[in-house]
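K.L.:
What follows is model.cif; its format and atoms are mmCIF, C-alpha atoms.
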```cif
data_model
#
loop_
_atom_site.group_PDB
_atom_site.id
_atom_site.type_symbol
_atom_site.label_atom_id
_atom_site.label_comp_id
_atom_site.auth_asym_id
_atom_site.auth_seq_id
_atom_site.Cartn_x
_atom_site.Cartn_y
_atom_site.Cartn_z
ATOM 1 C CA MET A 29 47.601 -55.226 -47.637
ATOM 2 C CA LEU A 30 45.666 -53.863 -44.688
ATOM 3 C CA LYS A 31 42.529 -55.627 -43.561
ATOM 4 C CA TRP A 32 39.488 -53.806 -42.247
ATOM 5 C CA LEU A 33 39.957 -55.584 -38.909
ATOM 6 C CA ASP A 34 43.145 -53.548 -38.467
ATOM 7 C CA LEU A 35 40.929 -50.524 -38.015
ATOM 8 C CA VAL A 36 39.088 -52.000 -35.030
ATOM 9 C CA PRO A 37 41.906 -51.603 -32.454
ATOM 10 C CA VAL A 38 42.743 -48.137 -33.795
ATOM 11 C CA VAL A 39 39.157 -46.931 -33.477
ATOM 12 C CA LEU A 40 38.731 -48.652 -30.115
ATOM 13 C CA ILE A 41 41.899 -47.146 -28.649
ATOM 14 C CA LEU A 42 41.129 -43.652 -29.896
ATOM 15 C CA ALA A 43 37.573 -43.937 -28.557
ATOM 16 C CA VAL A 44 38.824 -45.000 -25.123
ATOM 17 C CA ALA A 45 41.405 -42.184 -25.140
ATOM 18 C CA VAL A 46 38.838 -39.551 -26.099
ATOM 19 C CA LEU A 47 36.326 -40.813 -23.538
ATOM 20 C CA TRP A 48 39.050 -40.851 -20.879
ATOM 21 C CA PHE A 49 40.055 -37.281 -21.737
ATOM 22 C CA TRP A 50 36.429 -36.209 -21.649
ATOM 23 C CA TRP A 51 35.893 -37.906 -18.301
ATOM 24 C CA GLN A 52 39.002 -36.260 -16.907
ATOM 25 C CA PHE A 53 37.951 -32.760 -17.887
ATOM 26 C CA SER A 54 34.308 -33.138 -16.965
ATOM 27 C CA ALA A 55 35.046 -34.251 -13.419
ATOM 28 C CA PRO A 56 37.983 -32.078 -12.416
ATOM 29 C CA ALA A 57 38.540 -32.547 -8.705
ATOM 30 C CA GLY A 58 36.882 -34.741 -6.177
ATOM 31 C CA ALA A 59 37.641 -32.138 -3.559
ATOM 32 C CA VAL A 60 35.149 -31.667 -0.752
ATOM 33 C CA ALA A 61 34.980 -29.067 1.954
ATOM 34 C CA VAL A 62 34.436 -30.655 5.329
ATOM 35 C CA VAL A 63 32.538 -28.363 7.643
ATOM 36 C CA THR A 64 32.972 -28.969 11.356
ATOM 37 C CA THR A 65 30.426 -27.449 13.688
ATOM 38 C CA ASP A 66 29.357 -28.258 17.221
ATOM 39 C CA ASP A 67 26.714 -30.516 15.725
ATOM 40 C CA GLY A 68 29.250 -32.620 13.870
ATOM 41 C CA GLN A 69 30.673 -32.719 10.378
ATOM 42 C CA ARG A 70 29.186 -32.394 6.921
ATOM 43 C CA ALA A 71 30.706 -32.310 3.490
ATOM 44 C CA ILE A 72 30.139 -29.752 0.763
ATOM 45 C CA PRO A 73 31.329 -30.757 -2.711
ATOM 46 C CA LEU A 74 33.407 -28.104 -4.420
ATOM 47 C CA SER A 75 32.426 -29.338 -7.864
ATOM 48 C CA GLN A 76 29.058 -27.595 -7.919
ATOM 49 C CA ASN A 77 28.233 -23.997 -7.188
ATOM 50 C CA ALA A 78 26.048 -23.617 -4.114
ATOM 51 C CA THR A 79 25.332 -21.363 -1.193
ATOM 52 C CA THR A 80 25.034 -22.777 2.312
ATOM 53 C CA THR A 81 24.028 -20.996 5.464
ATOM 54 C CA LEU A 82 25.236 -22.405 8.771
ATOM 55 C CA VAL A 83 24.155 -21.555 12.272
ATOM 56 C CA GLY A 84 26.902 -21.883 14.862
ATOM 57 C CA ARG A 85 27.407 -21.087 18.514
ATOM 58 C CA ASP A 86 25.332 -18.251 20.015
ATOM 59 C CA GLY A 87 23.168 -18.254 16.907
ATOM 60 C CA LEU A 88 25.910 -16.724 14.792
ATOM 61 C CA THR A 89 25.292 -17.417 11.105
ATOM 62 C CA LEU A 90 27.835 -17.994 8.367
ATOM 63 C CA THR A 91 27.203 -18.023 4.640
ATOM 64 C CA LEU A 92 29.430 -20.296 2.572
ATOM 65 C CA VAL A 93 29.507 -19.817 -1.167
ATOM 66 C CA VAL A 94 31.014 -22.392 -3.537
ATOM 67 C CA LYS A 95 31.860 -20.955 -6.910
ATOM 68 C CA ASP A 96 34.109 -22.420 -9.630
ATOM 69 C CA GLY A 97 35.598 -24.984 -7.253
ATOM 70 C CA GLU A 98 36.438 -22.431 -4.598
ATOM 71 C CA LEU A 99 34.745 -21.930 -1.280
ATOM 72 C CA SER A 100 34.569 -18.609 0.491
ATOM 73 C CA VAL A 101 32.718 -17.234 3.474
ATOM 74 C CA THR A 102 30.736 -14.271 2.228
ATOM 75 C CA GLN A 103 28.888 -13.334 5.366
ATOM 76 C CA ALA A 104 29.420 -13.806 9.084
ATOM 77 C CA ASP A 105 27.697 -12.385 12.121
ATOM 78 C CA CYS A 106 30.819 -12.317 14.203
ATOM 79 C CA PRO A 107 32.522 -9.045 14.973
ATOM 80 C CA ASP A 108 36.009 -9.760 13.650
ATOM 81 C CA GLN A 109 35.078 -10.967 10.133
ATOM 82 C CA LEU A 110 38.336 -12.930 9.894
ATOM 83 C CA CYS A 111 36.748 -15.756 7.939
ATOM 84 C CA VAL A 112 35.171 -13.359 5.463
ATOM 85 C CA HIS A 113 38.560 -11.817 4.795
ATOM 86 C CA THR A 114 40.221 -15.222 4.355
ATOM 87 C CA ALA A 115 41.080 -15.963 0.727
ATOM 88 C CA PRO A 116 38.813 -18.525 -1.006
ATOM 89 C CA VAL A 117 39.848 -22.110 -0.284
ATOM 90 C CA SER A 118 40.123 -24.789 -2.942
ATOM 91 C CA LYS A 119 43.159 -27.031 -2.338
ATOM 92 C CA ALA A 120 43.320 -29.959 0.023
ATOM 93 C CA GLY A 121 44.489 -28.751 3.399
ATOM 94 C CA ASP A 122 43.142 -25.212 2.974
ATOM 95 C CA THR A 123 41.215 -24.107 6.027
ATOM 96 C CA VAL A 124 38.912 -21.266 6.874
ATOM 97 C CA ALA A 125 37.504 -20.957 10.372
ATOM 98 C CA CYS A 126 35.167 -18.826 12.385
ATOM 99 C CA VAL A 127 36.115 -19.205 16.012
ATOM 100 C CA PRO A 128 33.202 -17.322 17.614
ATOM 101 C CA ALA A 129 30.708 -19.536 15.797
ATOM 102 C CA GLY A 130 32.821 -22.640 16.395
ATOM 103 C CA ILE A 131 32.851 -23.520 12.698
ATOM 104 C CA ALA A 132 35.848 -24.743 10.714
ATOM 105 C CA VAL A 133 35.959 -25.607 7.029
ATOM 106 C CA THR A 134 38.788 -27.774 5.707
ATOM 107 C CA VAL A 135 39.190 -28.873 2.115
ATOM 108 C CA GLU A 136 39.866 -32.559 1.665
ATOM 109 C CA GLY A 137 40.524 -34.269 -1.580
ATOM 110 C CA ASP A 138 43.037 -36.166 -3.599
ATOM 111 C CA ALA A 139 46.262 -36.594 -1.717
ATOM 112 C CA ASP A 140 48.015 -35.367 -4.848
ATOM 113 C CA GLU A 141 46.475 -31.962 -4.522
ATOM 114 C CA ALA A 142 47.878 -31.498 -1.067
ATOM 115 C CA PRO A 143 51.244 -29.788 -0.662
ATOM 116 C CA ASP A 144 54.033 -32.241 -1.331
ATOM 117 C CA ALA A 145 56.271 -33.752 1.305
ATOM 118 C CA VAL A 146 58.792 -30.927 0.959
ATOM 119 C CA ALA A 147 56.263 -28.109 1.151
ATOM 120 C CA ARG A 148 54.541 -29.689 4.100
ATOM 121 C CA MET B 10 66.353 -84.749 -34.056
ATOM 122 C CA LYS B 11 64.672 -83.438 -30.935
ATOM 123 C CA THR B 12 67.920 -81.964 -29.624
ATOM 124 C CA ASN B 13 68.389 -80.397 -33.012
ATOM 125 C CA ALA B 14 65.022 -78.691 -32.770
ATOM 126 C CA ILE B 15 65.776 -77.395 -29.287
ATOM 127 C CA SER B 16 69.151 -76.039 -30.410
ATOM 128 C CA LYS B 17 67.448 -74.353 -33.312
ATOM 129 C CA THR B 18 64.882 -72.710 -31.026
ATOM 130 C CA VAL B 19 67.583 -71.550 -28.616
ATOM 131 C CA ALA B 20 69.616 -70.114 -31.482
ATOM 132 C CA LEU B 21 66.576 -68.354 -32.933
ATOM 133 C CA VAL B 22 65.622 -66.919 -29.538
ATOM 134 C CA GLY B 23 69.177 -65.667 -29.203
ATOM 135 C CA ILE B 24 69.045 -63.972 -32.593
ATOM 136 C CA MET B 25 65.654 -62.402 -31.993
ATOM 137 C CA ALA B 26 66.552 -61.272 -28.460
ATOM 138 C CA ALA B 27 69.761 -59.714 -29.775
ATOM 139 C CA MET B 28 67.674 -58.011 -32.426
ATOM 140 C CA ALA B 29 65.258 -56.696 -29.780
ATOM 141 C CA THR B 30 68.038 -55.239 -27.636
ATOM 142 C CA ALA B 31 69.769 -53.781 -30.680
ATOM 143 C CA LEU B 32 66.527 -52.130 -31.787
ATOM 144 C CA ALA B 33 65.965 -50.816 -28.251
ATOM 145 C CA PHE B 34 69.464 -49.347 -28.349
ATOM 146 C CA LEU B 35 68.891 -47.869 -31.797
ATOM 147 C CA GLU B 36 65.711 -46.290 -30.500
ATOM 148 C CA SER B 37 67.544 -44.691 -27.586
ATOM 149 C CA LEU B 38 69.797 -42.929 -30.105
ATOM 150 C CA LEU B 39 66.881 -41.241 -31.825
ATOM 151 C CA PRO B 40 66.008 -37.737 -30.627
ATOM 152 C CA PRO B 41 63.142 -37.641 -28.087
ATOM 153 C CA VAL B 42 59.741 -36.991 -29.625
ATOM 154 C CA GLY B 43 58.735 -34.384 -27.069
ATOM 155 C CA ILE B 44 56.223 -36.470 -25.165
ATOM 156 C CA PRO B 45 57.880 -37.878 -22.057
ATOM 157 C CA GLY B 46 57.657 -41.645 -21.857
ATOM 158 C CA ALA B 47 56.614 -42.049 -25.494
ATOM 159 C CA ARG B 48 58.777 -44.415 -27.498
ATOM 160 C CA LEU B 49 58.560 -45.979 -30.907
ATOM 161 C CA GLY B 50 58.672 -49.496 -29.494
ATOM 162 C CA LEU B 51 60.930 -50.851 -32.208
ATOM 163 C CA ALA B 52 61.990 -53.749 -29.974
ATOM 164 C CA ASN B 53 58.435 -55.011 -30.251
ATOM 165 C CA ILE B 54 59.161 -55.749 -33.907
ATOM 166 C CA ALA B 55 61.620 -58.453 -32.872
ATOM 167 C CA VAL B 56 59.347 -59.821 -30.144
ATOM 168 C CA THR B 57 56.335 -60.046 -32.457
ATOM 169 C CA ALA B 58 58.448 -61.600 -35.206
ATOM 170 C CA ALA B 59 59.728 -64.149 -32.675
ATOM 171 C CA LEU B 60 56.182 -65.005 -31.607
ATOM 172 C CA VAL B 61 55.289 -65.700 -35.236
ATOM 173 C CA LEU B 62 58.511 -67.413 -36.339
ATOM 174 C CA ILE B 63 59.477 -69.428 -33.256
ATOM 175 C CA GLY B 64 56.105 -69.827 -31.582
ATOM 176 C CA VAL B 65 54.648 -69.049 -28.188
ATOM 177 C CA GLY B 66 57.504 -70.445 -26.109
ATOM 178 C CA GLY B 67 60.324 -68.931 -28.146
ATOM 179 C CA GLY B 68 58.545 -65.616 -28.509
ATOM 180 C CA THR B 69 57.900 -65.371 -24.788
ATOM 181 C CA ALA B 70 61.527 -66.246 -24.112
ATOM 182 C CA THR B 71 62.605 -63.449 -26.452
ATOM 183 C CA ALA B 72 60.366 -61.026 -24.575
ATOM 184 C CA ALA B 73 61.801 -62.267 -21.276
ATOM 185 C CA VAL B 74 65.359 -61.599 -22.464
ATOM 186 C CA LYS B 75 64.295 -58.118 -23.515
ATOM 187 C CA VAL B 76 62.877 -57.432 -20.030
ATOM 188 C CA LEU B 77 65.999 -58.894 -18.430
ATOM 189 C CA PHE B 78 68.139 -56.600 -20.557
ATOM 190 C CA VAL B 79 66.195 -53.546 -19.372
ATOM 191 C CA LEU B 80 66.432 -54.803 -15.779
ATOM 192 C CA LEU B 81 70.213 -55.189 -16.014
ATOM 193 C CA THR B 82 70.957 -51.972 -17.879
ATOM 194 C CA ARG B 83 68.365 -49.524 -16.573
ATOM 195 C CA GLY B 84 67.583 -50.779 -13.087
ATOM 196 C CA VAL B 85 64.813 -52.387 -11.102
ATOM 197 C CA THR B 86 62.159 -49.708 -11.677
ATOM 198 C CA ALA B 87 62.598 -49.664 -15.449
ATOM 199 C CA GLY B 88 62.778 -53.464 -15.401
ATOM 200 C CA PHE B 89 59.496 -53.737 -13.512
ATOM 201 C CA LEU B 90 57.776 -51.295 -15.861
ATOM 202 C CA SER B 91 59.187 -53.141 -18.864
ATOM 203 C CA LEU B 92 57.857 -56.397 -17.407
ATOM 204 C CA CYS B 93 54.360 -54.910 -17.003
ATOM 205 C CA GLY B 94 54.280 -53.489 -20.515
ATOM 206 C CA THR B 95 55.905 -56.429 -22.271
ATOM 207 C CA THR B 96 53.704 -59.035 -20.596
ATOM 208 C CA ALA B 97 50.570 -57.168 -21.657
ATOM 209 C CA ALA B 98 51.880 -56.674 -25.189
ATOM 210 C CA VAL B 99 52.803 -60.348 -25.579
ATOM 211 C CA ALA B 100 49.434 -61.414 -24.160
ATOM 212 C CA ILE B 101 47.396 -59.314 -26.599
ATOM 213 C CA THR B 102 49.646 -60.362 -29.492
ATOM 214 C CA LEU B 103 49.054 -64.037 -28.699
ATOM 215 C CA LEU B 104 45.340 -63.318 -28.357
ATOM 216 C CA LEU B 105 45.186 -61.721 -31.805
ATOM 217 C CA MET B 106 47.559 -64.198 -33.464
ATOM 218 C CA PRO B 107 44.727 -66.471 -34.694
ATOM 219 C CA LEU B 108 43.307 -63.494 -36.602
ATOM 220 C CA TYR B 109 46.685 -62.999 -38.252
ATOM 221 C CA ARG B 110 46.922 -66.689 -39.128
ATOM 222 C CA LYS B 111 43.449 -66.517 -40.664
ATOM 223 C CA GLN B 112 44.633 -63.405 -42.507
ATOM 224 C CA THR B 113 41.762 -61.303 -41.248
ATOM 225 C CA MET B 114 44.111 -58.948 -39.405
ATOM 226 C CA THR B 115 47.597 -57.759 -40.297
ATOM 227 C CA PHE B 116 50.474 -56.728 -38.041
ATOM 228 C CA VAL B 117 49.167 -53.162 -38.001
ATOM 229 C CA GLY B 118 46.141 -54.160 -35.933
ATOM 230 C CA ILE B 119 48.245 -56.428 -33.724
ATOM 231 C CA CYS B 120 50.985 -53.861 -33.129
ATOM 232 C CA VAL B 121 48.587 -51.018 -32.409
ATOM 233 C CA SER B 122 46.838 -53.211 -29.827
ATOM 234 C CA ALA B 123 50.149 -54.370 -28.362
ATOM 235 C CA SER B 124 51.454 -50.821 -28.207
ATOM 236 C CA ALA B 125 48.313 -49.579 -26.447
ATOM 237 C CA MET B 126 48.369 -52.479 -23.964
ATOM 238 C CA HIS B 127 52.066 -51.843 -23.339
ATOM 239 C CA SER B 128 51.363 -48.198 -22.504
ATOM 240 C CA LEU B 129 48.321 -48.990 -20.396
ATOM 241 C CA PHE B 130 49.965 -51.671 -18.268
ATOM 242 C CA GLN B 131 53.184 -49.718 -17.943
ATOM 243 C CA LEU B 132 51.155 -46.852 -16.497
ATOM 244 C CA LEU B 133 49.297 -49.312 -14.264
ATOM 245 C CA GLY B 134 52.681 -50.547 -13.039
ATOM 246 C CA ALA B 135 53.829 -46.977 -12.509
ATOM 247 C CA SER B 136 50.673 -46.214 -10.558
ATOM 248 C CA VAL B 137 51.510 -49.102 -8.235
ATOM 249 C CA LEU B 138 54.986 -47.648 -7.655
ATOM 250 C CA LEU B 139 53.899 -43.992 -7.465
ATOM 251 C CA THR B 140 50.327 -42.756 -7.151
ATOM 252 C CA ALA B 141 47.140 -43.538 -9.012
ATOM 253 C CA SER B 142 47.222 -40.083 -10.570
ATOM 254 C CA VAL B 143 49.804 -41.414 -13.043
ATOM 255 C CA MET B 144 46.819 -42.965 -14.812
ATOM 256 C CA SER B 145 45.692 -39.528 -15.958
ATOM 257 C CA TYR B 146 48.506 -39.845 -18.484
ATOM 258 C CA THR B 147 46.781 -42.837 -20.101
ATOM 259 C CA PRO B 148 44.707 -41.149 -22.834
ATOM 260 C CA LEU B 149 47.697 -39.273 -24.229
ATOM 261 C CA MET B 150 49.821 -42.434 -24.237
ATOM 262 C CA LEU B 151 46.983 -44.374 -25.903
ATOM 263 C CA ILE B 152 46.769 -41.798 -28.679
ATOM 264 C CA VAL B 153 50.553 -41.889 -29.144
ATOM 265 C CA SER B 154 50.459 -45.682 -29.279
ATOM 266 C CA VAL B 155 48.368 -45.609 -32.463
ATOM 267 C CA PRO B 156 50.994 -44.067 -34.813
ATOM 268 C CA THR B 157 53.864 -45.974 -33.170
ATOM 269 C CA GLY B 158 51.882 -49.209 -33.466
ATOM 270 C CA ILE B 159 51.106 -48.484 -37.107
ATOM 271 C CA LEU B 160 54.815 -47.856 -37.771
ATOM 272 C CA THR B 161 55.975 -51.159 -36.261
ATOM 273 C CA GLY B 162 53.016 -52.929 -37.870
ATOM 274 C CA VAL B 163 53.862 -51.629 -41.332
ATOM 275 C CA ILE B 164 57.503 -52.654 -40.847
ATOM 276 C CA LEU B 165 56.397 -56.168 -39.814
ATOM 277 C CA ASN B 166 53.952 -56.362 -42.714
ATOM 278 C CA GLY B 167 56.909 -55.580 -44.948
ATOM 279 C CA ILE B 168 59.492 -57.954 -43.511
ATOM 280 C CA MET B 169 57.473 -60.974 -42.370
ATOM 281 C CA PRO B 170 56.416 -62.290 -45.795
ATOM 282 C CA ARG B 171 60.135 -62.260 -46.719
ATOM 283 C CA LEU B 172 61.516 -63.473 -43.401
ATOM 284 C CA THR B 173 59.164 -66.426 -42.934
ATOM 285 C CA PRO B 174 60.083 -68.330 -46.142
ATOM 286 C CA ALA B 175 63.774 -67.545 -45.629
ATOM 287 C CA LEU B 176 63.647 -69.045 -42.174
ATOM 288 C CA ARG B 177 61.705 -72.062 -43.386
ATOM 289 C CA ARG B 178 64.331 -72.709 -46.062
ATOM 290 C CA SER B 179 67.159 -72.498 -43.553
ATOM 291 C CA VAL B 180 65.328 -74.858 -41.224
ATOM 292 C CA GLU B 181 64.749 -77.375 -44.008
ATOM 293 C CA LYS B 182 68.390 -77.246 -45.022
ATOM 294 C CA GLY B 183 69.771 -77.677 -41.534
#
```
Re-express the file's structure as structure tokens.

P.N.:
Amino acid sequence: MLKWLDLVPVVLILAVAVLWFWWQFSAPAGAVAVVTTDDGQRAIPLSQNATTTLVGRDGLTLTLVVKDGELSVTQADCPDQLCVHTAPVSKAGDTVACVPAGIAVTVEGDADEAPDAVAR
Amino acid sequence: MKTNAISKTVALVGIMAAMATALAFLESLLPPVGIPGARLGLANIAVTAALVLIGVGGGTATAAVKVLFVLLTRGVTAGFLSLCGTTAAVAITLLLMPLYRKQTMTFVGICVSASAMHSLFQLLGASVLLTASVMSYTPLMLIVSVPTGILTGVILNGIMPRLTPALRRSVEKG
């Protein structure tokens, strides 16, 4: 009763579904951390682990570490160490700042990852 | 004679559209399958049968009545989503119809395709109304559309060889 051509849509649909799933899990979030310094802005993708060292006002240095989609400040020259003690940021809208060095890091990404209208 | 043919088409569309809405109602009585938004798509049986038995015009009219029914009973949002899904399903069914006529594809292939297109375009419609992130639901819905499409396809494979000659007889008589 069934013809072999009946298999084509089934295989095609399952292939698309599997590829789509795979694509979804391989590229989790398009979130980027936007770093604002006196020199301007630059973006650091949160999708790949990396360590960045920034030099801010008065030669103060800041070390940013991206690990598993989260960004944290691991080292700062400033006396108060507020940014180092800030919890790692990962969601859109999260901010970590070092005022003495004049550096602010804000996560931007999918609007859906931001707090919803109620939470905002 | 021409008026007769038109009356016949109108009557057939009425029967098939009633069948579609009745099947949609029957489906709503069944317990939910656990995947939100997933449905068997039994109404598609009537629409596909109409496309084969009455032709492109009558089949499309049947689909239109089905959408109108959803619009009237479940509201504008559901109506819009039904329109998106049904249009896509009818389009792919018409596209594959030559393969059915040539007997190189059965209703299983057609219904699986229609079911997948229905899901895909319904989600596209939903992403227009809500956010694009609705599309992340697509792969799951595509996978679900395979068994539901096979079910409706097998049912059509079973009833169409019996329904088509019966209809032809009644047309010849009247």

K.L.:
Calculated over only C-alpha atoms, which of the candidates A:Pro73, A:Gly97, A:Gly84, A:Gly121 has the smallest distance to A:Val135?

P.N.:
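Among A:Pro73, A:Gly97, A:Gly84, A:Gly121, it is A:Gly121 that comes nearest to A:Val135.
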
K.L.:
Looking at all atoms listed in the file, which of A:Gly130, A:Pro37, A:Gly68, A:Pro116 is the one that sits closest to A:Leu99?

P.N.:
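Going through A:Gly130, A:Pro37, A:Gly68, A:Pro116 one by one, the smallest distance to A:Leu99 is for A:Pro116.
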
K.L.:
Pick out the closest residue to A:Val46 from this set: B:Leu160, B:Leu132, B:Ala100, B:Leu151. Count only C-alpha atoms.

P.N.:
B:Leu151

K.L.:
How far is it from atom CA of B:Leu51 to atom CA of B:Ala141, in Å with one decimal?

P.N.:
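About the pair atom CA of B:Leu51 and atom CA of B:Ala141: they are 28.0 Å apart.
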
K.L.:
Where does the PyMOL selection byres ((chain B) within 6 of (chain A)) land in this file, that is, which residues does it pick, as a ChimeraX atom specification?

P.N.:
/B:114,118,122,148

K.L.:
Kindly provide the residues of stretch 16-66 of chain B that approach stretch 169-179 of chain B to within 10 Å, each paired with its closest atom pair and their distance in Å to one decimal, based on all atoms listed in the file, listed by chain and increasing number, as a Markdown table.

P.N.:
```
| residue | atom | partner | partner_atom | distance |
| --- | --- | --- | --- | --- |
| B:Leu21 | CA | B:Leu176 | CA | 9.7 |
| B:Ala58 | CA | B:Met169 | CA | 7.3 |
| B:Val61 | CA | B:Thr173 | CA | 8.6 |
| B:Leu62 | CA | B:Thr173 | CA | 6.7 |
| B:Ile63 | CA | B:Leu176 | CA | 9.9 |
```

K.L.:
Evaluating the PyMOL selection byres ((chain A and resi 114) around 9) on the displayed file yields which residues, as number ranges by chain?

P.N.:
A: 100-101, 109-113, 115-117, 124-125

K.L.:
Just the selected residues (C-alpha atoms), exported as a compact mmCIF listing (two decimals), keeping the file's coordinate frame, please.

P.N.:
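Dumped everything to part-v1.txt:
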```
# COMPACT_ATOMS: atom_id res chain seq x y z
CA SER A 100 34.57 -18.61 0.49
CA VAL A 101 32.72 -17.23 3.47
CA GLN A 109 35.08 -10.97 10.13
CA LEU A 110 38.34 -12.93 9.89
CA CYS A 111 36.75 -15.76 7.94
CA VAL A 112 35.17 -13.36 5.46
CA HIS A 113 38.56 -11.82 4.80
CA ALA A 115 41.08 -15.96 0.73
CA PRO A 116 38.81 -18.52 -1.01
CA VAL A 117 39.85 -22.11 -0.28
CA VAL A 124 38.91 -21.27 6.87
CA ALA A 125 37.50 -20.96 10.37
```

K.L.:
When you draw a straight line from atom CA of A:Asp86 to atom CA of A:Ala104, how long is it in Å?

P.N.:
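Calculated distance between atom CA of A:Asp86 and atom CA of A:Ala104 is 12.5 Å.
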